[in-house]
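See below for upload37.txt, which holds compact mmCIF, C-alpha atoms and all ligand atoms.
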# COMPACT_ATOMS: atom_id res chain seq x y z
CA MET A 1 -24.17 -33.37 55.52
CA GLU A 2 -21.76 -36.17 56.30
CA ALA A 3 -18.05 -36.81 55.84
CA ILE A 4 -17.00 -37.20 52.22
CA ASN A 5 -16.64 -40.71 50.89
CA ARG A 6 -14.29 -40.46 47.91
CA GLU A 7 -15.72 -43.33 45.85
CA ARG A 8 -19.27 -42.13 46.30
CA ILE A 9 -18.41 -38.56 45.29
CA GLN A 10 -16.50 -39.80 42.24
CA HIS A 11 -19.59 -41.76 41.27
CA TYR A 12 -21.79 -38.65 41.49
CA ILE A 13 -19.23 -36.52 39.62
CA ASP A 14 -19.22 -39.12 36.83
CA GLN A 15 -23.02 -39.06 36.68
CA PHE A 16 -23.00 -35.33 35.88
CA THR A 17 -20.22 -35.64 33.28
CA ASN A 18 -21.15 -34.51 29.75
CA LYS A 19 -24.49 -33.11 30.94
CA PRO A 20 -25.43 -29.43 31.06
CA VAL A 21 -25.23 -28.56 34.78
CA TYR A 22 -25.52 -25.60 37.13
CA VAL A 23 -22.68 -24.96 39.54
CA HIS A 24 -22.52 -23.04 42.82
CA LEU A 25 -18.93 -22.28 43.85
CA GLU A 26 -18.12 -20.27 46.92
CA THR A 27 -15.42 -19.44 49.41
CA THR A 28 -15.59 -17.08 52.37
CA ASN A 29 -14.00 -16.21 55.69
CA GLY A 30 -17.05 -14.29 56.83
CA ALA A 31 -18.18 -10.69 56.72
CA TYR A 32 -16.77 -9.95 60.16
CA ALA A 33 -13.20 -11.26 59.84
CA SER A 34 -11.57 -7.84 59.92
CA HIS A 35 -14.10 -6.49 62.46
CA PHE A 36 -13.02 -9.02 65.07
CA ASN A 37 -9.33 -9.12 64.07
CA THR A 38 -7.80 -5.98 62.61
CA ASN A 39 -4.97 -8.04 61.11
CA ALA A 40 -7.43 -10.18 59.19
CA TYR A 41 -8.82 -9.39 55.81
CA ASN A 42 -12.26 -10.22 54.45
CA VAL A 43 -12.11 -12.50 51.44
CA GLY A 44 -14.97 -14.21 49.69
CA ALA A 45 -16.33 -15.04 46.27
CA TYR A 46 -19.27 -16.90 44.91
CA ILE A 47 -20.75 -17.85 41.59
CA ARG A 48 -24.31 -19.07 41.69
CA ASN A 49 -25.79 -20.99 38.79
CA ALA A 50 -22.86 -20.95 36.42
CA GLN A 51 -24.01 -23.03 33.45
CA LEU A 52 -21.54 -25.43 31.94
CA THR A 53 -20.89 -28.95 30.75
CA TYR A 54 -17.74 -30.61 32.05
CA LYS A 55 -16.16 -33.50 30.24
CA GLN A 56 -14.13 -34.95 33.08
CA GLY A 57 -14.11 -34.55 36.84
CA LYS A 58 -12.12 -35.99 39.72
CA ILE A 59 -11.94 -35.88 43.50
CA VAL A 60 -8.55 -36.23 45.22
CA GLN A 61 -7.76 -36.53 48.91
CA HIS A 62 -5.36 -34.03 50.49
CA ASP A 63 -2.76 -35.09 53.11
CA ASP A 64 -4.84 -33.55 55.92
CA GLY A 65 -7.90 -35.59 54.97
CA SER A 66 -9.83 -32.89 53.14
CA TYR A 67 -10.53 -33.13 49.43
CA ARG A 68 -9.99 -31.23 46.21
CA VAL A 69 -12.29 -31.42 43.21
CA GLY A 70 -11.43 -30.39 39.65
CA LEU A 71 -13.91 -30.31 36.79
CA LYS A 72 -12.54 -29.83 33.27
CA HIS A 73 -14.75 -28.23 30.64
CA ASP A 74 -14.05 -27.25 27.05
CA ILE A 75 -12.47 -23.88 27.76
CA GLY A 76 -11.35 -24.07 31.39
CA TRP A 77 -11.70 -25.51 34.86
CA ILE A 78 -13.77 -25.43 38.03
CA TYR A 79 -11.66 -26.00 41.17
CA ALA A 80 -12.29 -26.22 44.89
CA GLU A 81 -10.16 -27.31 47.84
CA GLY A 82 -10.84 -27.85 51.52
CA LEU A 83 -13.98 -29.92 50.93
CA SER A 84 -14.80 -32.29 53.78
CA ASP A 85 -18.59 -32.87 53.88
CA TYR A 86 -21.25 -33.76 51.34
CA GLU A 87 -24.89 -34.42 50.78
CA PHE A 88 -26.72 -35.72 47.73
CA ASN A 89 -30.11 -34.18 48.34
CA GLU A 90 -33.66 -35.05 47.32
CA HIS A 91 -33.41 -32.70 44.32
CA GLY A 92 -30.53 -34.74 42.90
CA GLN A 93 -28.03 -32.01 43.76
CA LEU A 94 -24.50 -32.85 44.87
CA LEU A 95 -23.52 -30.48 47.69
CA MET A 96 -19.93 -30.45 48.93
CA ALA A 97 -18.49 -28.09 51.52
CA GLY A 98 -15.67 -27.50 53.97
CA HIS A 99 -16.35 -26.16 57.47
CA ASP A 100 -14.21 -24.94 60.36
CA ASP A 101 -14.32 -26.54 63.81
CA ARG A 102 -17.34 -24.39 64.75
CA GLY A 103 -19.43 -25.55 61.80
CA ARG A 104 -18.93 -22.40 59.74
CA LEU A 105 -18.82 -22.85 55.99
CA MET A 106 -15.49 -21.93 54.38
CA VAL A 107 -15.86 -23.37 50.88
CA ALA A 108 -18.66 -24.94 48.85
CA LEU A 109 -18.96 -26.63 45.48
CA GLU A 110 -22.40 -27.77 44.35
CA ILE A 111 -23.58 -29.37 41.12
CA SER A 112 -27.17 -29.69 39.89
CA GLU A 113 -29.04 -30.40 36.68
CA GLU A 114 -31.66 -27.80 37.65
CA PRO A 115 -30.83 -24.21 38.65
CA PHE A 116 -30.27 -23.66 42.38
CA SER A 117 -33.07 -21.68 44.00
CA TYR A 118 -32.72 -18.28 45.74
CA MET B 1 -38.84 7.99 76.81
CA ASN B 2 -42.52 7.78 75.98
CA PHE B 3 -42.98 4.88 73.59
CA SER B 4 -46.70 5.50 73.01
CA GLU B 5 -46.11 8.83 71.27
CA HIS B 6 -45.37 7.06 67.99
CA ASN B 7 -47.96 5.90 65.45
CA HIS B 8 -46.01 3.20 63.64
CA VAL B 9 -42.39 2.09 63.79
CA ILE B 10 -40.57 0.63 60.76
CA ILE B 11 -37.43 -1.44 61.21
CA ILE B 12 -35.22 -1.62 58.09
CA TYR B 13 -32.40 -4.17 58.32
CA PRO B 14 -31.08 -6.70 55.77
CA HIS B 15 -30.82 -9.98 57.70
CA PRO B 16 -32.97 -12.28 59.77
CA ASP B 17 -31.52 -11.74 63.32
CA ASP B 18 -30.45 -8.09 62.85
CA GLU B 19 -33.78 -7.11 64.42
CA SER B 20 -33.30 -9.39 67.42
CA PHE B 21 -29.70 -8.50 68.20
CA GLY B 22 -30.15 -4.82 67.39
CA ALA B 23 -33.61 -3.79 68.46
CA ALA B 24 -35.74 -6.60 69.97
CA GLY B 25 -36.05 -4.93 73.38
CA THR B 26 -36.98 -1.59 71.85
CA ILE B 27 -39.49 -3.27 69.56
CA SER B 28 -41.16 -5.04 72.48
CA LYS B 29 -41.36 -1.77 74.41
CA PHE B 30 -43.18 -0.16 71.47
CA ARG B 31 -45.54 -3.14 71.24
CA GLU B 32 -46.28 -2.97 74.98
CA ALA B 33 -47.19 0.68 74.42
CA GLY B 34 -49.61 -0.42 71.68
CA VAL B 35 -47.55 0.93 68.78
CA PRO B 36 -47.54 -1.24 65.63
CA VAL B 37 -44.09 -2.24 64.37
CA THR B 38 -43.24 -3.49 60.87
CA TYR B 39 -39.97 -5.15 59.92
CA LEU B 40 -38.76 -4.69 56.35
CA CYS B 41 -36.25 -7.55 56.18
CA GLY B 42 -34.06 -7.29 53.09
CA THR B 43 -32.81 -10.85 52.63
CA LEU B 44 -33.05 -14.33 54.10
CA GLY B 45 -29.38 -14.39 55.09
CA GLU B 46 -28.88 -16.99 52.37
CA MET B 47 -25.09 -16.73 52.55
CA GLY B 48 -24.75 -17.20 56.30
CA ARG B 49 -21.88 -19.44 57.37
CA ASN B 50 -23.17 -21.17 60.50
CA MET B 51 -24.19 -24.70 59.60
CA GLY B 52 -23.93 -26.00 63.19
CA THR B 53 -21.98 -28.73 64.97
CA PRO B 54 -23.49 -31.22 64.30
CA PHE B 55 -24.82 -29.78 61.04
CA PHE B 56 -28.39 -28.49 61.06
CA ALA B 57 -28.16 -26.79 57.64
CA ASN B 58 -26.33 -26.63 54.36
CA ARG B 59 -26.06 -23.84 51.78
CA GLU B 60 -29.29 -24.93 50.10
CA THR B 61 -31.46 -25.53 53.19
CA LEU B 62 -30.28 -22.43 55.09
CA PRO B 63 -32.70 -19.90 53.50
CA GLU B 64 -35.82 -21.84 54.50
CA ILE B 65 -34.45 -22.44 58.00
CA ARG B 66 -33.66 -18.76 58.48
CA LYS B 67 -37.02 -17.73 57.06
CA LYS B 68 -38.78 -19.85 59.66
CA GLU B 69 -36.55 -18.46 62.42
CA LEU B 70 -37.35 -14.93 61.24
CA GLN B 71 -41.08 -15.63 61.32
CA ASP B 72 -40.75 -17.11 64.81
CA ALA B 73 -38.84 -14.07 66.08
CA CYS B 74 -41.43 -11.71 64.61
CA GLN B 75 -44.14 -13.71 66.35
CA VAL B 76 -42.27 -13.44 69.67
CA LEU B 77 -41.97 -9.70 69.15
CA ASP B 78 -45.54 -9.40 67.84
CA MET B 79 -44.49 -7.36 64.81
CA ASN B 80 -45.48 -7.40 61.15
CA LEU B 81 -42.98 -8.84 58.72
CA GLU B 82 -42.33 -7.85 55.11
CA MET B 83 -39.67 -9.96 53.38
CA LEU B 84 -38.24 -7.85 50.57
CA GLY B 85 -36.66 -10.71 48.62
CA TYR B 86 -33.17 -9.39 47.98
CA ARG B 87 -30.23 -11.75 48.20
CA ASP B 88 -27.73 -11.79 51.05
CA LYS B 89 -24.49 -9.89 50.25
CA THR B 90 -25.95 -8.14 47.20
CA ILE B 91 -27.79 -5.11 48.64
CA GLU B 92 -24.93 -2.71 47.85
CA PHE B 93 -25.17 -3.66 44.17
CA GLU B 94 -28.84 -2.76 43.88
CA PRO B 95 -29.57 0.82 42.75
CA ARG B 96 -29.89 2.81 45.95
CA GLU B 97 -32.64 5.04 44.52
CA ALA B 98 -34.83 2.00 43.82
CA LEU B 99 -34.38 0.70 47.38
CA ALA B 100 -35.03 4.18 48.79
CA GLU B 101 -38.17 4.58 46.70
CA ARG B 102 -39.48 1.24 47.97
CA PHE B 103 -38.74 2.13 51.60
CA LYS B 104 -40.33 5.56 51.19
CA GLN B 105 -43.50 3.92 49.90
CA TYR B 106 -43.71 1.74 53.02
CA ILE B 107 -43.03 4.72 55.29
CA GLU B 108 -45.83 6.72 53.65
CA ASP B 109 -48.31 3.84 53.38
CA LEU B 110 -47.87 2.81 57.02
CA GLY B 111 -47.69 6.36 58.32
CA ALA B 112 -44.45 5.58 60.13
CA THR B 113 -43.30 8.16 62.64
CA LEU B 114 -40.04 6.36 63.46
CA VAL B 115 -37.60 4.48 61.23
CA ILE B 116 -34.87 2.32 62.78
CA THR B 117 -32.08 1.18 60.46
CA PHE B 118 -28.30 0.79 60.33
CA TYR B 119 -26.15 3.91 60.38
CA PRO B 120 -24.46 3.78 56.95
CA GLY B 121 -20.69 3.60 57.15
CA TYR B 122 -20.71 2.41 60.77
CA ALA B 123 -22.44 -0.95 60.51
CA VAL B 124 -19.60 -3.26 59.39
CA HIS B 125 -21.43 -5.58 56.96
CA PRO B 126 -21.84 -4.20 53.42
CA ASP B 127 -25.54 -5.17 53.45
CA HIS B 128 -26.03 -3.23 56.71
CA ASN B 129 -24.37 -0.13 55.31
CA ALA B 130 -26.22 -0.28 51.99
CA MET B 131 -29.61 -0.92 53.56
CA GLY B 132 -29.02 1.94 56.01
CA ALA B 133 -27.88 4.31 53.26
CA ALA B 134 -31.04 3.61 51.25
CA ALA B 135 -33.24 4.07 54.34
CA PHE B 136 -31.51 7.38 55.14
CA GLU B 137 -32.03 8.38 51.50
CA ALA B 138 -35.73 7.49 51.70
CA VAL B 139 -36.22 9.79 54.69
CA LYS B 140 -34.20 12.54 53.09
CA GLN B 141 -36.42 12.51 50.00
CA MET B 142 -39.54 13.20 52.03
CA PRO B 143 -40.81 16.73 52.66
CA GLU B 144 -39.28 17.95 55.92
CA ASN B 145 -42.58 18.20 57.80
CA GLU B 146 -43.57 14.63 56.88
CA ARG B 147 -40.31 12.93 57.77
CA PRO B 148 -40.29 10.26 60.47
CA THR B 149 -37.76 10.34 63.27
CA LEU B 150 -34.66 8.38 62.22
CA TRP B 151 -32.56 6.14 64.47
CA GLY B 152 -29.35 4.48 63.27
CA THR B 153 -27.64 1.42 64.74
CA ALA B 154 -23.83 1.67 64.68
CA PHE B 155 -21.30 -0.90 65.86
CA SER B 156 -18.12 -0.53 63.80
CA ASN B 157 -14.96 -0.37 65.90
CA ASP B 158 -14.65 3.37 65.22
CA HIS B 159 -18.30 4.39 65.72
CA ARG B 160 -17.92 6.08 69.11
CA GLU B 161 -14.79 7.89 68.07
CA LYS B 162 -16.49 9.24 64.93
CA LEU B 163 -20.11 9.67 66.04
CA GLY B 164 -19.76 10.25 69.77
CA ASP B 165 -22.04 8.58 72.28
CA PRO B 166 -25.41 7.33 71.04
CA ASN B 167 -28.21 9.69 72.04
CA VAL B 168 -30.89 7.03 72.43
CA VAL B 169 -30.06 4.27 74.92
CA ILE B 170 -32.72 1.82 75.99
CA ASP B 171 -32.16 -0.19 79.16
CA LEU B 172 -33.73 -3.66 79.03
CA ILE B 173 -33.03 -4.66 82.62
CA ASP B 174 -36.75 -5.10 83.39
CA SER B 175 -37.79 -6.56 80.03
CA PHE B 176 -35.01 -8.77 78.82
CA ASP B 177 -37.10 -11.94 78.39
CA LYS B 178 -38.51 -10.94 75.01
CA LYS B 179 -35.11 -9.97 73.68
CA LEU B 180 -33.54 -13.28 74.70
CA GLU B 181 -36.49 -15.23 73.34
CA ALA B 182 -36.26 -13.38 70.02
CA ILE B 183 -32.52 -14.00 69.78
CA LYS B 184 -33.04 -17.68 70.55
CA SER B 185 -35.62 -17.93 67.76
CA HIS B 186 -32.64 -17.53 65.43
CA ARG B 187 -31.23 -20.84 66.50
CA SER B 188 -28.88 -21.16 63.51
CA GLN B 189 -27.26 -17.84 64.40
CA ALA B 190 -27.56 -17.70 68.18
CA GLU B 191 -26.68 -21.13 69.45
CA GLY B 192 -22.91 -20.94 69.00
CA MET B 193 -22.80 -17.30 70.03
CA LEU B 194 -24.77 -17.82 73.24
CA SER B 195 -22.64 -20.75 74.36
CA GLN B 196 -19.55 -18.64 73.70
CA LEU B 197 -20.99 -15.77 75.76
CA LEU B 198 -21.70 -18.20 78.55
CA ALA B 199 -18.14 -19.54 78.45
CA GLN B 200 -16.69 -16.00 78.64
CA SER B 201 -19.06 -14.84 81.38
CA GLU B 202 -18.47 -15.07 85.14
CA SER B 203 -22.05 -16.21 85.41
CA ASP B 204 -23.11 -19.76 84.62
CA ASP B 205 -26.62 -18.64 83.77
CA GLU B 206 -27.51 -18.02 80.12
CA TYR B 207 -29.91 -15.19 80.95
CA GLU B 208 -27.30 -13.36 83.04
CA ALA B 209 -24.54 -13.87 80.46
CA ALA B 210 -26.78 -12.59 77.65
CA LEU B 211 -27.95 -9.65 79.77
CA GLU B 212 -24.35 -8.57 80.38
CA ARG B 213 -23.80 -8.40 76.65
CA PHE B 214 -27.21 -7.19 75.40
CA ARG B 215 -28.69 -5.16 78.26
CA TYR B 216 -28.68 -1.87 76.34
CA GLU B 217 -29.88 -1.06 72.85
CA ALA B 218 -28.29 2.10 71.53
CA PHE B 219 -29.21 4.27 68.56
CA TYR B 220 -28.13 7.54 67.05
CA GLU B 221 -31.06 9.85 66.43
CA VAL B 222 -30.11 11.46 63.14
CA ASP B 223 -30.86 14.83 61.59
CA ILE B 224 -30.84 13.69 57.98
CA ASP B 225 -29.87 17.12 56.69
CA GLN B 226 -26.62 16.86 58.66
CA VAL B 227 -25.56 13.56 57.08
CA ASP B 228 -23.57 13.42 53.85
CA LEU B 229 -24.79 10.31 52.04
CA LYS B 230 -22.61 10.76 48.97
CA ASN B 231 -19.66 8.95 50.46
CA GLN B 232 -21.74 5.99 51.54
CA THR B 233 -21.74 3.06 49.19
ZN ZN C 301 -26.85 -8.50 59.65
Would you mind writing the structure in this file as C-alpha cells?
Ligand SMILES: [Zn+2]
Amino acid sequence: MEAINRERIQHYIDQFTNKPVYVHLETTNGAYASHFNTNAYNVGAYIRNAQLTYKQGKIVQHDDGSYRVGLKHDIGWIYAEGLSDYEFNEHGQLLMAGHDDRGRLMVALEISEEPFSY
Amino acid sequence: MNFSEHNHVIIIYPHPDDESFGAAGTISKFREAGVPVTYLCGTLGEMGRNMGTPFFANRETLPEIRKKELQDACQVLDMNLEMLGYRDKTIEFEPREALAERFKQYIEDLGATLVITFYPGYAVHPDHNAMGAAAFEAVKQMPENERPTLWGTAFSNDHREKLGDPNVVIDLIDSFDKKLEAIKSHRSQAEGMLSQLLAQSESDDEYEAALERFRYEAFYEVDIDQVDLKNQT
C-alpha cells in the first residue's frame, strides 16, 4: 500500500459508480485491547462482501491528513474515516485502509466488482 | 516428563502462530522423542492487524502470507498440518457440536493420546475460547477409557487466580532454538513483537530477550469431568 492520493482515489471511486460491487468494510482496535489495558474496550466490526450499487461517491481530506470516504446508494450510505493508505491491486480491487504508527490496521474500506476471497 | 510415552499428539488452536507462541518447544520435544504431532489450525488469521512498517501485507494478501508462514513453522517443528478452513474471528459462531464432532474424528483417526488446546474461558481471544471449548467437548464425548490426556493453555489476566498454578510446565532452556525459529517463521506476527521484547530487555541479544519471555511453556492438565462447559461460549 502507499499513501492515498485524493485525485487517484476519486478516479477509482468514479469508475465503480453505478456498477454492482462488493464491499469490505471494517474497523477494529484488536482482540487484545482490554487484555493489555483494563481501561480499554474491544471494539470492532466488519462486513465482508456486502453487495450494492452506489450512485455517487467522494473522498474528502481530514485536517490531520487522513481521509473520509462516503458512498451513497439508493437506500443508504457506506462511510469510513481514518483512511490513509491505498492499493489498486491486480484483481482490479480498490483497497483503502488506515493504520497506526506500528502498521496495525484500524479501518479498511475495499471495493471490488468480484467477491473478495476468504 | 517422558515424552515418548505418547502415540500421537494433536494441537488444536485457531490461528497461525498460536502453536509457535504456545507450544513450539513442547512440540519439538515430542518430535525428538519420535512422537508424531498434528496441528489442527482453525483459520488463516485472515483478520490479523499487523501489516508491517513498511507494509508487507494488506487485508487481501494477509491470508496467503500467513498460510505460508504457518507451513514454514510446521516444517521447522516437523509436524503435520491440517488447515480446517474456518474464518478468523468467527469460530464462536459455528455450532460447537459440529466443531467437536470434527475434532473427535481426528482424535480417533490419528489415535491421539494427548490433545493440547486453549483452556476455554481463560484464553482471551474469542476464537481461542471457542476452539478450546469445542476441543474439550470432543474429549468429553469420548468413552472414558478412550479419552486422550487433555492440556489447556491459559493466559487471561485472571487465569492463575482462578485456576491455580499450571500443573505441566516445560522448561526450554536447552532447546530454545526450535521455538525461536518457529516464532520467527511467523514474520508478519513476530517481527514487531520481537523488536519490542528486545527494547524492553536488559539484554541486547534477540535469543536472550526471547528466552526471558518464552522460556517456559505451561499447561493445565484437565480432568474433563471436572470442567463445566455450559458457561463457555
Ligand atoms: Zn491466536
Among listed residues A:His99, A:Lys19, A:Arg8, A:His73, nearest chain B (using all atoms listed in the file):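 Among the listed residues, the smallest separation from chain B belongs to A:His99.
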Identify every residue of chain B that has at least one atom within 12 Å of any atom of chain A, counting all atoms listed in the file, and report the result as a PyMOL selection string. chain B and resi 43-64+85-90+122-128+155-158+188-189+191-193+195-196
Go ahead and dump the residues you just picked, C-alpha atoms, as a PDB file, in the coordinates of the input.
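So the final result, stored in out_18.pdb, reads:
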ATOM      1  CA  THR B  43     -32.810 -10.850  52.630  1.00  0.00           C
ATOM      2  CA  LEU B  44     -33.050 -14.330  54.100  1.00  0.00           C
ATOM      3  CA  GLY B  45     -29.380 -14.390  55.090  1.00  0.00           C
ATOM      4  CA  GLU B  46     -28.880 -16.990  52.370  1.00  0.00           C
ATOM      5  CA  MET B  47     -25.090 -16.730  52.550  1.00  0.00           C
ATOM      6  CA  GLY B  48     -24.750 -17.200  56.300  1.00  0.00           C
ATOM      7  CA  ARG B  49     -21.880 -19.440  57.370  1.00  0.00           C
ATOM      8  CA  ASN B  50     -23.170 -21.170  60.500  1.00  0.00           C
ATOM      9  CA  MET B  51     -24.190 -24.700  59.600  1.00  0.00           C
ATOM     10  CA  GLY B  52     -23.930 -26.000  63.190  1.00  0.00           C
ATOM     11  CA  THR B  53     -21.980 -28.730  64.970  1.00  0.00           C
ATOM     12  CA  PRO B  54     -23.490 -31.220  64.300  1.00  0.00           C
ATOM     13  CA  PHE B  55     -24.820 -29.780  61.040  1.00  0.00           C
ATOM     14  CA  PHE B  56     -28.390 -28.490  61.060  1.00  0.00           C
ATOM     15  CA  ALA B  57     -28.160 -26.790  57.640  1.00  0.00           C
ATOM     16  CA  ASN B  58     -26.330 -26.630  54.360  1.00  0.00           C
ATOM     17  CA  ARG B  59     -26.060 -23.840  51.780  1.00  0.00           C
ATOM     18  CA  GLU B  60     -29.290 -24.930  50.100  1.00  0.00           C
ATOM     19  CA  THR B  61     -31.460 -25.530  53.190  1.00  0.00           C
ATOM     20  CA  LEU B  62     -30.280 -22.430  55.090  1.00  0.00           C
ATOM     21  CA  PRO B  63     -32.700 -19.900  53.500  1.00  0.00           C
ATOM     22  CA  GLU B  64     -35.820 -21.840  54.500  1.00  0.00           C
ATOM     23  CA  GLY B  85     -36.660 -10.710  48.620  1.00  0.00           C
ATOM     24  CA  TYR B  86     -33.170  -9.390  47.980  1.00  0.00           C
ATOM     25  CA  ARG B  87     -30.230 -11.750  48.200  1.00  0.00           C
ATOM     26  CA  ASP B  88     -27.730 -11.790  51.050  1.00  0.00           C
ATOM     27  CA  LYS B  89     -24.490  -9.890  50.250  1.00  0.00           C
ATOM     28  CA  THR B  90     -25.950  -8.140  47.200  1.00  0.00           C
ATOM     29  CA  TYR B 122     -20.710   2.410  60.770  1.00  0.00           C
ATOM     30  CA  ALA B 123     -22.440  -0.950  60.510  1.00  0.00           C
ATOM     31  CA  VAL B 124     -19.600  -3.260  59.390  1.00  0.00           C
ATOM     32  CA  HIS B 125     -21.430  -5.580  56.960  1.00  0.00           C
ATOM     33  CA  PRO B 126     -21.840  -4.200  53.420  1.00  0.00           C
ATOM     34  CA  ASP B 127     -25.540  -5.170  53.450  1.00  0.00           C
ATOM     35  CA  HIS B 128     -26.030  -3.230  56.710  1.00  0.00           C
ATOM     36  CA  PHE B 155     -21.300  -0.900  65.860  1.00  0.00           C
ATOM     37  CA  SER B 156     -18.120  -0.530  63.800  1.00  0.00           C
ATOM     38  CA  ASN B 157     -14.960  -0.370  65.900  1.00  0.00           C
ATOM     39  CA  ASP B 158     -14.650   3.370  65.220  1.00  0.00           C
ATOM     40  CA  SER B 188     -28.880 -21.160  63.510  1.00  0.00           C
ATOM     41  CA  GLN B 189     -27.260 -17.840  64.400  1.00  0.00           C
ATOM     42  CA  GLU B 191     -26.680 -21.130  69.450  1.00  0.00           C
ATOM     43  CA  GLY B 192     -22.910 -20.940  69.000  1.00  0.00           C
ATOM     44  CA  MET B 193     -22.800 -17.300  70.030  1.00  0.00           C
ATOM     45  CA  SER B 195     -22.640 -20.750  74.360  1.00  0.00           C
ATOM     46  CA  GLN B 196     -19.550 -18.640  73.700  1.00  0.00           C
TER      47      GLN B 196
END
Can you pull out the residues contacting range 147-153 of chain B? Cut-off 8 Å, using all atoms listed in the file, and skip same-chain residues under 2 positions away; I want them as a compact mmCIF listing (two decimals) with C-alpha atoms, in the coordinates of the input.
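File produced: around-v3.txt:
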# COMPACT_ATOMS: atom_id res chain seq x y z
CA GLY B 22 -30.15 -4.82 67.39
CA ALA B 112 -44.45 5.58 60.13
CA THR B 113 -43.30 8.16 62.64
CA LEU B 114 -40.04 6.36 63.46
CA VAL B 115 -37.60 4.48 61.23
CA ILE B 116 -34.87 2.32 62.78
CA THR B 117 -32.08 1.18 60.46
CA PHE B 118 -28.30 0.79 60.33
CA TYR B 119 -26.15 3.91 60.38
CA ALA B 123 -22.44 -0.95 60.51
CA GLY B 132 -29.02 1.94 56.01
CA PHE B 136 -31.51 7.38 55.14
CA VAL B 139 -36.22 9.79 54.69
CA LYS B 140 -34.20 12.54 53.09
CA MET B 142 -39.54 13.20 52.03
CA PRO B 143 -40.81 16.73 52.66
CA GLU B 144 -39.28 17.95 55.92
CA ASN B 145 -42.58 18.20 57.80
CA PHE B 155 -21.30 -0.90 65.86
CA ALA B 218 -28.29 2.10 71.53
CA PHE B 219 -29.21 4.27 68.56
CA TYR B 220 -28.13 7.54 67.05
CA GLU B 221 -31.06 9.85 66.43
CA VAL B 222 -30.11 11.46 63.14
CA ASP B 223 -30.86 14.83 61.59
CA ILE B 224 -30.84 13.69 57.98
Quick one: of A:Phe16, A:Val43, A:Asn49, A:Gly98, who's nearest to Tyr67 in chain A, counting all atoms listed in the file? A:Gly98
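Taking CA of His159 in chain B and CA of Leu84 in chain B as endpoints, the distance between them is 27.9 Å.
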Could you add whatever atoms are missing so that range 33-38 of chain A carries all heavy atoms, then write the result as a PDB file, in the frame of the given file?
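Written out: selection_19.pdb:
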ATOM      1  N   ALA A  33     -14.589 -10.870  59.561  1.00  0.00           N
ATOM      2  CA  ALA A  33     -13.200 -11.260  59.840  1.00  0.00           C
ATOM      3  C   ALA A  33     -12.365 -10.066  60.302  1.00  0.00           C
ATOM      4  O   ALA A  33     -11.692 -10.120  61.328  1.00  0.00           O
ATOM      5  CB  ALA A  33     -12.584 -11.915  58.611  1.00  0.00           C
ATOM      6  N   SER A  34     -12.432  -8.964  59.562  1.00  0.00           N
ATOM      7  CA  SER A  34     -11.570  -7.840  59.920  1.00  0.00           C
ATOM      8  C   SER A  34     -12.183  -6.971  61.025  1.00  0.00           C
ATOM      9  O   SER A  34     -11.509  -6.123  61.591  1.00  0.00           O
ATOM     10  CB  SER A  34     -11.267  -6.979  58.685  1.00  0.00           C
ATOM     11  OG  SER A  34     -12.445  -6.437  58.152  1.00  0.00           O
ATOM     12  N   HIS A  35     -13.463  -7.202  61.339  1.00  0.00           N
ATOM     13  CA  HIS A  35     -14.100  -6.490  62.460  1.00  0.00           C
ATOM     14  C   HIS A  35     -13.591  -7.049  63.781  1.00  0.00           C
ATOM     15  O   HIS A  35     -13.328  -6.313  64.727  1.00  0.00           O
ATOM     16  CB  HIS A  35     -15.614  -6.629  62.353  1.00  0.00           C
ATOM     17  CG  HIS A  35     -16.381  -5.997  63.483  1.00  0.00           C
ATOM     18  ND1 HIS A  35     -16.382  -4.637  63.690  1.00  0.00           N
ATOM     19  CD2 HIS A  35     -17.160  -6.530  64.446  1.00  0.00           C
ATOM     20  CE1 HIS A  35     -17.140  -4.360  64.752  1.00  0.00           C
ATOM     21  NE2 HIS A  35     -17.623  -5.492  65.226  1.00  0.00           N
ATOM     22  N   PHE A  36     -13.459  -8.373  63.837  1.00  0.00           N
ATOM     23  CA  PHE A  36     -13.020  -9.020  65.070  1.00  0.00           C
ATOM     24  C   PHE A  36     -11.507  -9.094  65.188  1.00  0.00           C
ATOM     25  O   PHE A  36     -10.970  -9.240  66.272  1.00  0.00           O
ATOM     26  CB  PHE A  36     -13.616 -10.431  65.174  1.00  0.00           C
ATOM     27  CG  PHE A  36     -15.111 -10.411  65.391  1.00  0.00           C
ATOM     28  CD1 PHE A  36     -15.966 -11.070  64.529  1.00  0.00           C
ATOM     29  CD2 PHE A  36     -15.661  -9.704  66.460  1.00  0.00           C
ATOM     30  CE1 PHE A  36     -17.345 -11.039  64.729  1.00  0.00           C
ATOM     31  CE2 PHE A  36     -17.036  -9.673  66.661  1.00  0.00           C
ATOM     32  CZ  PHE A  36     -17.879 -10.338  65.795  1.00  0.00           C
ATOM     33  N   ASN A  37     -10.790  -9.044  64.056  1.00  0.00           N
ATOM     34  CA  ASN A  37      -9.330  -9.120  64.070  1.00  0.00           C
ATOM     35  C   ASN A  37      -8.800  -8.137  63.042  1.00  0.00           C
ATOM     36  O   ASN A  37      -8.919  -8.357  61.841  1.00  0.00           O
ATOM     37  CB  ASN A  37      -8.892 -10.555  63.747  1.00  0.00           C
ATOM     38  CG  ASN A  37      -7.386 -10.680  63.617  1.00  0.00           C
ATOM     39  OD1 ASN A  37      -6.651  -9.697  63.790  1.00  0.00           O
ATOM     40  ND2 ASN A  37      -6.922 -11.874  63.304  1.00  0.00           N
ATOM     41  N   THR A  38      -8.202  -7.041  63.524  1.00  0.00           N
ATOM     42  CA  THR A  38      -7.800  -5.980  62.610  1.00  0.00           C
ATOM     43  C   THR A  38      -6.672  -6.425  61.674  1.00  0.00           C
ATOM     44  O   THR A  38      -6.414  -5.778  60.665  1.00  0.00           O
ATOM     45  CB  THR A  38      -7.348  -4.721  63.379  1.00  0.00           C
ATOM     46  OG1 THR A  38      -6.473  -5.118  64.430  1.00  0.00           O
ATOM     47  CG2 THR A  38      -8.546  -3.988  63.954  1.00  0.00           C
TER      48      THR A  38
END
